[in-house]
>>> print(open('my_file_17.txt').read())   # compact mmCIF, C-alpha atoms
# COMPACT_ATOMS: atom_id res chain seq x y z
CA MET A 1 23.06 -15.91 18.50
CA ARG A 2 20.11 -17.77 16.97
CA PHE A 3 16.93 -17.98 19.03
CA SER A 4 13.78 -20.06 18.70
CA SER A 5 11.30 -19.06 15.99
CA ARG A 6 8.49 -20.04 18.38
CA VAL A 7 8.76 -16.79 20.36
CA ASP A 8 6.57 -14.10 18.81
CA ILE A 9 8.23 -10.74 19.38
CA SER A 10 5.87 -8.74 17.17
CA ASP A 11 3.73 -7.67 20.15
CA PRO A 12 4.64 -4.62 22.25
CA ASN A 13 7.35 -5.13 24.82
CA PRO A 14 5.79 -6.73 27.94
CA ILE A 15 7.73 -4.39 30.24
CA ALA A 16 6.36 -1.35 28.41
CA ARG A 17 2.89 -2.88 28.57
CA ALA A 18 3.20 -3.29 32.36
CA GLU A 19 4.26 0.35 32.69
CA ALA A 20 1.30 1.48 30.58
CA GLN A 21 -1.07 -0.60 32.69
CA ALA A 22 0.38 0.92 35.84
CA ALA A 23 0.00 4.44 34.46
CA ALA A 24 -3.62 3.76 33.57
CA GLN A 25 -4.23 2.80 37.19
CA GLY A 26 -2.54 5.96 38.39
CA VAL A 27 0.29 4.30 40.27
CA ALA A 28 4.06 4.16 39.69
CA LEU A 29 5.48 0.78 38.71
CA ASP A 30 7.76 0.68 41.75
CA LYS A 31 4.71 1.02 44.00
CA LEU A 32 2.77 -1.89 42.56
CA ASN A 33 3.81 -4.27 45.30
CA ASP A 34 2.99 -2.07 48.29
CA SER A 35 2.65 -4.35 51.30
CA ASN A 36 0.04 -2.02 52.80
CA PRO A 37 -2.65 -1.94 50.09
CA THR A 38 -5.40 -0.90 52.49
CA ARG A 39 -4.36 2.69 51.78
CA HIS A 40 -6.00 2.14 48.37
CA GLY A 41 -9.19 1.04 50.10
CA LEU A 42 -8.87 -2.45 48.69
CA GLY A 43 -8.83 -5.97 50.03
CA PRO A 44 -7.30 -7.51 53.16
CA ALA A 45 -3.89 -6.16 54.15
CA ALA A 46 -2.17 -9.44 53.25
CA ILE A 47 -3.08 -9.13 49.55
CA PRO A 48 -1.75 -6.33 47.34
CA GLY A 49 -4.59 -4.13 46.17
CA VAL A 50 -2.94 -2.77 43.00
CA TYR A 51 -1.52 -5.22 40.50
CA ALA A 52 0.18 -4.88 37.16
CA ALA A 53 2.00 -7.80 35.64
CA GLN A 54 5.79 -7.63 35.76
CA PRO A 55 7.14 -10.48 33.59
CA ARG A 56 10.55 -10.66 35.28
CA GLY A 57 9.02 -10.66 38.78
CA PRO A 58 8.25 -7.77 41.13
CA ARG A 59 10.94 -5.11 40.94
CA GLN A 60 11.39 -4.83 44.70
CA ALA A 61 12.05 -8.56 45.02
CA ARG A 62 14.53 -8.54 42.13
CA GLU A 63 16.39 -5.61 43.66
CA ALA A 64 16.67 -7.44 46.99
CA LEU A 65 17.95 -10.54 45.20
CA ALA A 66 20.40 -8.49 43.11
CA ASP A 67 21.83 -6.89 46.26
CA PHE A 68 22.26 -10.31 47.86
CA LEU A 69 23.93 -11.82 44.80
CA GLY A 70 26.24 -8.84 44.40
CA LEU A 71 27.42 -9.03 48.00
CA ARG A 72 27.83 -12.80 47.79
CA ASP A 73 29.87 -12.71 44.61
CA THR A 74 32.04 -9.85 45.85
CA SER A 75 32.85 -11.60 49.13
CA ALA A 76 33.56 -14.89 47.34
CA GLY A 77 35.76 -13.25 44.74
CA ALA A 78 34.64 -13.08 41.12
CA SER A 79 36.26 -15.32 38.54
CA ALA A 80 37.92 -14.00 35.43
CA GLY A 81 35.23 -13.37 32.84
CA ALA A 82 32.48 -12.86 35.40
CA ALA A 83 31.05 -9.52 36.40
CA ALA A 84 31.90 -8.63 40.00
CA GLY A 85 29.97 -6.43 42.39
CA ALA A 86 26.62 -4.90 41.43
CA ILE A 87 24.05 -7.18 39.78
CA ASP A 88 21.52 -5.58 37.45
CA PRO A 89 18.02 -6.54 38.66
CA ASP A 90 16.80 -6.18 35.08
CA ARG A 91 18.90 -9.23 34.19
CA LEU A 92 17.08 -11.38 36.75
CA TYR A 93 13.93 -13.42 36.22
CA LEU A 94 12.00 -14.81 39.19
CA LEU A 95 10.08 -18.03 38.74
CA SER A 96 8.99 -21.05 40.72
CA SER A 97 11.93 -23.42 40.20
CA THR A 98 15.01 -24.23 38.15
CA SER A 99 12.91 -26.89 36.38
CA GLN A 100 10.69 -24.12 35.10
CA ALA A 101 13.80 -22.17 34.14
CA TYR A 102 14.98 -25.05 31.95
CA SER A 103 11.58 -25.15 30.26
CA TRP A 104 11.65 -21.42 29.52
CA LEU A 105 15.21 -21.52 28.19
CA PHE A 106 14.49 -24.47 25.89
CA LYS A 107 11.56 -22.45 24.53
CA LEU A 108 13.82 -19.43 24.11
CA LEU A 109 16.73 -21.16 22.40
CA CYS A 110 15.35 -24.18 20.57
CA ASP A 111 12.95 -25.01 17.78
CA PRO A 112 11.36 -28.49 17.87
CA GLY A 113 14.00 -31.08 17.07
CA ASP A 114 16.91 -28.90 18.16
CA ILE A 115 19.47 -30.30 20.59
CA VAL A 116 20.73 -29.39 24.06
CA LEU A 117 23.95 -30.92 25.37
CA ALA A 118 23.78 -32.28 28.94
CA PRO A 119 26.38 -34.03 31.13
CA LYS A 120 26.61 -37.80 31.58
CA PRO A 121 26.53 -38.91 34.39
CA GLY A 122 23.80 -36.43 35.19
CA TYR A 123 20.34 -35.94 36.59
CA PRO A 124 17.61 -37.36 34.29
CA LEU A 125 15.24 -34.41 34.80
CA ILE A 126 16.94 -32.37 32.05
CA GLU A 127 16.13 -34.97 29.40
CA SER A 128 12.55 -35.25 30.64
CA ILE A 129 11.95 -31.48 30.49
CA ALA A 130 13.59 -31.28 27.05
CA ARG A 131 11.29 -34.01 25.76
CA LEU A 132 8.25 -32.06 26.96
CA GLU A 133 9.54 -29.08 24.94
CA CYS A 134 10.05 -31.29 21.81
CA VAL A 135 13.80 -30.77 22.21
CA ARG A 136 16.40 -33.53 22.01
CA THR A 137 19.33 -34.05 24.35
CA ARG A 138 22.78 -35.37 23.59
CA GLU A 139 25.07 -36.37 26.43
CA TYR A 140 28.66 -35.26 26.71
CA GLN A 141 30.82 -37.44 28.90
CA LEU A 142 32.24 -36.80 32.34
CA CYS A 143 35.18 -39.13 32.99
CA PHE A 144 36.67 -40.24 36.29
CA ASP A 145 40.39 -40.60 36.96
CA GLY A 146 40.75 -39.84 40.65
CA SER A 147 38.46 -36.87 40.04
CA TRP A 148 35.78 -36.07 37.48
CA PHE A 149 36.55 -34.04 34.36
CA ILE A 150 34.78 -33.07 31.13
CA ASP A 151 35.82 -34.98 28.01
CA ALA A 152 36.47 -31.77 26.03
CA ALA A 153 37.60 -33.68 22.94
CA GLY A 154 34.36 -35.67 22.92
CA LEU A 155 32.39 -32.45 23.40
CA LYS A 156 34.12 -30.89 20.39
CA THR A 157 33.36 -34.00 18.32
CA LEU A 158 29.66 -33.62 19.09
CA LEU A 159 29.68 -29.95 18.12
CA ASP A 160 31.61 -30.59 14.91
CA GLY A 161 29.49 -33.63 13.99
CA PRO A 162 26.46 -33.91 11.72
CA ASP A 163 24.10 -32.77 14.49
CA GLY A 164 26.24 -29.73 15.30
CA PRO A 165 24.02 -27.16 13.52
CA ARG A 166 21.01 -28.27 15.61
CA ILE A 167 22.83 -27.87 18.95
CA ARG A 168 21.59 -24.68 20.60
CA ALA A 169 22.78 -24.83 24.21
CA LEU A 170 25.22 -26.54 26.55
CA VAL A 171 24.16 -27.36 30.11
CA LEU A 172 26.80 -27.25 32.84
CA ILE A 173 25.92 -28.37 36.38
CA ASN A 174 28.33 -26.67 38.81
CA PRO A 175 28.81 -28.82 40.86
CA ASN A 176 27.32 -31.74 39.01
CA ASN A 177 24.73 -34.10 40.45
CA PRO A 178 25.54 -36.90 41.28
CA THR A 179 29.31 -36.69 40.72
CA GLY A 180 29.75 -33.58 42.89
CA SER A 181 32.37 -32.20 40.48
CA TYR A 182 32.88 -28.47 40.01
CA ILE A 183 33.86 -26.91 36.69
CA LYS A 184 37.63 -26.44 36.81
CA PRO A 185 39.20 -23.24 35.38
CA GLU A 186 40.76 -25.03 32.41
CA GLU A 187 37.45 -26.78 31.65
CA ARG A 188 35.64 -23.46 31.81
CA SER A 189 38.03 -21.92 29.28
CA ALA A 190 37.63 -24.86 26.91
CA VAL A 191 33.83 -24.84 27.15
CA LEU A 192 33.58 -21.08 26.61
CA GLU A 193 35.78 -21.31 23.53
CA LEU A 194 33.59 -24.07 22.08
CA CYS A 195 30.42 -22.07 22.81
CA ARG A 196 31.84 -19.01 21.07
CA GLU A 197 33.09 -21.02 18.12
CA HIS A 198 29.73 -22.72 17.59
CA ASP A 199 27.51 -19.78 18.64
CA ILE A 200 25.61 -21.64 21.36
CA ALA A 201 24.36 -20.49 24.74
CA LEU A 202 25.48 -21.72 28.14
CA ILE A 203 22.98 -22.85 30.80
CA ALA A 204 24.73 -23.04 34.19
CA ASP A 205 22.83 -24.81 36.97
CA GLU A 206 24.57 -23.78 40.22
CA VAL A 207 22.02 -24.76 42.87
CA PHE A 208 24.59 -26.82 44.83
CA PHE A 209 27.50 -24.40 44.48
CA ASP A 210 27.63 -23.28 48.13
CA TYR A 211 28.03 -26.84 49.44
CA ALA A 212 31.76 -27.40 48.94
CA LEU A 213 33.01 -30.69 50.44
CA GLU A 214 36.40 -31.64 48.99
CA PRO A 215 36.91 -28.99 46.29
CA PHE A 216 39.94 -28.21 44.21
CA ALA A 217 41.29 -24.66 44.09
CA GLY A 218 40.01 -22.21 41.50
CA ASN A 219 36.37 -23.22 41.27
CA ALA A 220 34.05 -20.29 40.57
CA ARG A 221 30.46 -19.58 39.65
CA LEU A 222 29.52 -19.18 36.02
CA ALA A 223 26.85 -16.64 36.99
CA GLY A 224 27.79 -13.29 35.48
CA GLU A 225 30.00 -14.81 32.77
CA ARG A 226 30.54 -12.20 30.05
CA GLY A 227 32.28 -14.25 27.35
CA VAL A 228 29.19 -16.02 25.97
CA LEU A 229 25.44 -15.72 26.45
CA THR A 230 24.95 -17.36 29.86
CA PHE A 231 21.85 -18.23 31.85
CA ALA A 232 22.75 -19.04 35.48
CA LEU A 233 20.13 -20.92 37.50
CA ASP A 234 19.74 -20.95 41.26
CA GLY A 235 17.00 -21.02 43.87
CA PHE A 236 15.91 -21.39 47.46
CA SER A 237 15.03 -25.08 47.24
CA LYS A 238 18.69 -26.10 47.52
CA MET A 239 20.07 -22.88 49.02
CA LEU A 240 17.79 -23.30 52.06
CA ALA A 241 17.57 -27.11 51.83
CA ALA A 242 13.82 -26.53 51.68
CA PRO A 243 12.10 -28.32 48.76
CA HIS A 244 8.88 -26.46 49.53
CA ALA A 245 10.55 -23.03 49.07
CA LYS A 246 9.60 -22.85 45.42
CA VAL A 247 11.46 -19.76 44.25
CA GLY A 248 14.10 -19.91 41.54
CA TRP A 249 15.77 -17.40 39.28
CA ILE A 250 17.63 -16.92 36.03
CA GLN A 251 20.55 -14.49 35.83
CA VAL A 252 21.35 -13.45 32.25
CA SER A 253 24.83 -12.31 31.21
CA GLY A 254 27.13 -12.24 28.22
CA PRO A 255 27.89 -9.99 25.25
CA GLN A 256 25.52 -7.01 25.31
CA PRO A 257 23.80 -7.58 21.92
CA ASP A 258 23.05 -11.21 22.80
CA VAL A 259 21.82 -10.25 26.26
CA ASP A 260 19.54 -7.53 24.90
CA GLU A 261 17.92 -9.87 22.41
CA ALA A 262 17.62 -12.68 24.97
CA LEU A 263 15.91 -10.35 27.46
CA ARG A 264 13.48 -9.10 24.82
CA ARG A 265 12.45 -12.62 23.90
CA LEU A 266 12.50 -14.02 27.43
CA ASP A 267 10.14 -11.21 28.45
CA VAL A 268 7.57 -12.61 26.03
CA ILE A 269 7.81 -16.09 27.55
CA ALA A 270 7.73 -14.74 31.11
CA ASP A 271 4.74 -12.52 30.29
CA ASP A 272 2.80 -15.52 29.00
CA TYR A 273 3.39 -17.52 32.20
CA LEU A 274 3.61 -14.85 34.96
CA PRO A 275 4.76 -17.46 37.50
CA MET A 276 5.80 -15.32 40.45
CA SER A 277 3.04 -14.34 42.87
CA ASP A 278 3.49 -10.96 44.57
CA ILE A 279 2.48 -12.64 47.81
CA ILE A 280 5.45 -15.01 47.52
CA ALA A 281 7.79 -12.33 46.17
CA ASN A 282 7.15 -10.17 49.22
CA ARG A 283 8.83 -12.88 51.33
CA ILE A 284 12.04 -13.01 49.30
CA SER A 285 13.94 -10.55 51.50
CA GLU A 286 13.02 -12.64 54.53
CA LEU A 287 14.19 -15.83 52.83
CA LEU A 288 17.45 -14.21 51.76
CA ALA A 289 18.13 -13.23 55.37
CA ALA A 290 18.01 -16.92 56.33
CA VAL A 291 20.41 -18.14 53.63
CA GLN A 292 23.74 -17.77 55.42
CA ALA A 293 22.67 -19.55 58.60
CA GLN A 294 20.81 -22.33 56.81
CA THR A 295 23.52 -22.97 54.23
CA GLY A 296 26.10 -23.12 57.02
CA ARG A 297 23.94 -25.57 58.97
CA VAL A 298 23.56 -27.88 55.98
CA LEU A 299 27.26 -27.66 55.09
CA ARG A 300 28.29 -28.61 58.62
CA ARG A 301 25.96 -31.62 58.48
CA THR A 302 27.11 -32.85 55.08
CA SER A 303 30.80 -32.32 55.88
CA ALA A 304 30.51 -34.22 59.16
CA ASN A 305 28.65 -37.06 57.50
CA LEU A 306 31.25 -37.28 54.73
CA ALA A 307 34.01 -37.53 57.35
CA ALA A 308 32.01 -40.23 59.15
CA LEU A 309 31.57 -42.09 55.87
CA HIS A 310 35.32 -42.18 55.25
CA THR A 311 35.84 -43.56 58.77
CA LEU A 312 33.15 -46.23 58.39
CA LEU A 313 34.56 -47.39 55.06
CA TYR A 314 38.12 -47.40 56.39
CA ASP A 315 37.07 -49.47 59.43
CA ASP A 316 35.05 -51.99 57.40
CA ALA A 317 36.91 -55.28 57.62
CA ASN A 318 35.61 -56.46 54.24
CA GLY A 319 36.82 -53.38 52.35
CA LEU A 320 34.27 -53.95 49.61
CA VAL A 321 32.86 -50.43 49.25
CA SER A 322 34.62 -47.15 48.48
CA VAL A 323 33.49 -43.58 47.85
CA LEU A 324 34.42 -41.40 44.88
CA ARG A 325 35.79 -37.96 45.65
CA ALA A 326 32.91 -35.58 46.32
CA GLU A 327 33.92 -31.98 45.60
CA GLY A 328 30.53 -30.42 46.32
CA GLY A 329 26.81 -30.92 46.74
CA TRP A 330 25.11 -33.16 49.28
CA ASN A 331 25.26 -36.56 47.57
CA VAL A 332 28.13 -38.99 47.11
CA LEU A 333 28.69 -41.98 44.86
CA LEU A 334 29.58 -45.28 46.50
CA ARG A 335 31.57 -47.75 44.41
CA LEU A 336 30.31 -51.30 44.87
CA PRO A 337 31.84 -54.56 43.63
CA ALA A 338 31.00 -54.69 39.92
CA VAL A 339 29.98 -58.35 40.18
CA LEU A 340 26.86 -57.19 42.00
CA ASP A 341 23.92 -55.92 40.00
CA GLU A 342 22.84 -52.47 41.22
CA ASN A 343 19.19 -53.50 41.14
CA ASP A 344 19.92 -56.48 43.35
CA VAL A 345 21.59 -54.22 45.91
CA VAL A 346 18.71 -51.74 45.96
CA LEU A 347 16.06 -54.46 46.19
CA ALA A 348 17.96 -56.15 49.03
CA LEU A 349 18.15 -52.82 50.88
CA ILE A 350 14.39 -52.40 50.52
CA ARG A 351 13.62 -55.99 51.54
CA ASP A 352 16.05 -56.43 54.42
CA GLN A 353 16.77 -52.92 55.69
CA ARG A 354 13.62 -50.98 54.75
CA LEU A 355 15.89 -48.50 52.97
CA SER A 356 16.11 -47.43 49.37
CA GLY A 357 18.83 -45.93 47.21
CA GLN A 358 19.42 -44.62 43.70
CA PRO A 359 21.43 -46.98 41.50
CA GLY A 360 24.13 -45.61 39.24
CA TYR A 361 22.27 -46.32 36.02
CA PHE A 362 19.64 -43.81 37.14
CA PHE A 363 22.29 -41.15 36.37
CA ASP A 364 23.69 -42.89 33.26
CA MET A 365 26.90 -44.03 34.89
CA ALA A 366 29.15 -45.63 32.29
CA SER A 367 29.36 -48.98 34.12
CA ASN A 368 27.62 -51.05 36.77
CA GLY A 369 28.47 -50.85 40.48
CA TYR A 370 27.41 -47.48 41.91
CA LEU A 371 24.96 -46.27 44.51
CA ALA A 372 24.09 -42.61 45.24
CA LEU A 373 24.03 -41.80 48.95
CA SER A 374 22.61 -38.65 50.55
CA LEU A 375 24.69 -36.78 53.13
CA LEU A 376 21.65 -34.97 54.56
CA PRO A 377 20.31 -37.36 57.24
CA GLU A 378 20.90 -36.87 60.96
CA PRO A 379 24.34 -38.29 61.89
CA GLU A 380 23.01 -41.35 63.70
CA GLU A 381 20.63 -42.18 60.86
CA PHE A 382 23.36 -41.61 58.29
CA ALA A 383 25.71 -44.02 60.06
CA ARG A 384 22.95 -46.65 60.17
CA ASN A 385 22.39 -46.19 56.43
CA VAL A 386 26.06 -46.71 55.64
CA ARG A 387 26.27 -49.80 57.85
CA ALA A 388 23.14 -51.16 56.14
CA VAL A 389 24.79 -50.79 52.72
CA LEU A 390 27.96 -52.50 53.94
CA ALA A 391 25.99 -55.37 55.48
CA THR A 392 23.89 -55.80 52.33
CA VAL A 393 26.93 -55.93 50.04
CA ALA A 394 28.66 -58.44 52.32
CA LYS A 395 25.56 -60.62 52.45
CA LEU A 396 25.09 -60.63 48.67
CA LEU A 397 28.71 -61.64 48.17
CA GLY A 398 28.56 -64.25 50.91
>>> encode(input="my_file_17.txt", output="structure tokens")
Amino acid sequence: MRFSSRVDISDPNPIARAEAQAAAQGVALDKLNDSNPTRHGLGPAAIPGVYAAQPRGPRQAREALADFLGLRDTSAGASAGAAAGAIDPDRLYLLSSTSQAYSWLFKLLCDPGDIVLAPKPGYPLIESIARLECVRTREYQLCFDGSWFIDAAGLKTLLDGPDGPRIRALVLINPNNPTGSYIKPEERSAVLELCREHDIALIADEVFFDYALEPFAGNARLAGERGVLTFALDGFSKMLAAPHAKVGWIQVSGPQPDVDEALRRLDVIADDYLPMSDIIANRISELLAAVQAQTGRVLRRTSANLAALHTLLYDDANGLVSVLRAEGGWNVLLRLPAVLDENDVVLALIRDQRLSGQPGYFFDMASNGYLALSLLPEPEEFARNVRAVLATVAKLLG
């Protein structure tokens, strides 16, 4: 596996440096985040009195997260190729968001001008972050034929093409935003084979995974995948439906030599940024305890709103709007009459209904006539939103 030449690994290992710093202060590394620092005669009780930088995040917080992830993956059933059961906390990195995770991984894997493959349709943030890292993106196509699927032949063409040697990573969103499509088992096998053949890493963004709406059988997380070097991203922002809960993580897996080298280099990046405050990390166990109830609450809301959407569209006398199958996540794609310009629909919603929406071209949809709709609002508000879209489309066609 080739890594970026930008990461200087000539310095001492950051983990060893943290241990040496701890020893110099006369305290064991696993005691650095003591929640009762007043015993050291230092500071207010709310602020740790002994600090030594831990690039991957405080050990206690990573252990709590590893226990949670191990129990979750065991209860859900691990996919073939993924490690089941115990999660190694030393393969976890805590940071503020998955956006920051993308930035770190582009630094780790890419030199300026290198390429990362990202799905189309897809969320535009990946391209924006890549540009900030002087990295290019190339889109591989998701196609729709009753359900969404990866154009594996097109993906292979990109990897075998003239830019193939500059491609350093493949991004999979599982499930994708905005299409809501999970990675199917046969797609997973094809993608892993291409990654192995071309010696590229896999970045798996799985922040929406727990929100299954109309899934197919056999979907599984890519976290823990052992076949290729894999960086799985997740975080509390989506898991708790709380944008202000800015805690994310990277789980590293794959062939042992690749993992060892990735960890060594990622430690350098993490040590330079030190993004995870001990004060925040001390709350991770509390946040994890809230995950099951909050995820269930959000899933009940989104599932009920999706059912209501199908009813509202079925009952609409005009029959002008449909919804594409949503396997997971909390957004859906409405299909509008293609004779309408998406901008005209959005502007009419703003002008007449005091509502806004995200047009399909925002996500690089292949053709005109789509509108992304959130399933998160309160049921009454959601129904009003759907009726407003139906009324707007009817008016524009009238």
>>> residues_around(input="my_file_17.txt", residues="A:Ile183", least_positions_apart="2", cutoff="9 Å", atoms="all atoms listed in the file", output="ChimeraX atom specification")
/A:149-150,172-176,181,185-188,219-222
>>> residues_around(input="my_file_17.txt", residues="stretch 382-393 of chain A", least_positions_apart="3", cutoff="10 Å", atoms="all atoms listed in the file", output="number ranges by chain")
A: 305-306, 308-309, 312-313, 316, 318-321, 334, 336-337, 340, 344-346, 348-349, 352-357, 371, 373-379, 396-398
>>> closest_residue(input="my_file_17.txt", among="A:Tyr182, A:Lys156, A:Asp278, A:Arg265", to="A:Ala212", atoms="all atoms listed in the file")
A:Tyr182
>>> residues_around(input="my_file_17.txt", residues="A:Met276", least_positions_apart="5", cutoff="8 Å", atoms="all atoms listed in the file", output="list in words")
Gly57, Pro58, Leu94, Leu95, Ser96 and Ala281 of chain A
>>> closest_residue(input="my_file_17.txt", among="A:Asn331, A:Ser97, A:Thr157, A:Gln256", to="A:Glu139", atoms="only C-alpha atoms")
A:Thr157
>>> closest_residue(input="my_file_17.txt", among="A:Met365, A:Leu194, A:Val135, A:Ala232", to="A:Phe209", atoms="all atoms listed in the file")
A:Ala232
>>> closest_residue(input="my_file_17.txt", among="A:Cys143, A:Val116, A:Leu65, A:Ala317", to="A:Arg131", atoms="only C-alpha atoms")
A:Val116
>>> closest_residue(input="my_file_17.txt", among="A:Ala245, A:Ala304, A:Leu347, A:Ala366", to="A:Gln141", atoms="all atoms listed in the file")
A:Ala366
>>> closest_residue(input="my_file_17.txt", among="A:Ile284, A:Asp315, A:Ser303, A:Ala130", to="A:Ala64", atoms="all atoms listed in the file")
A:Ile284
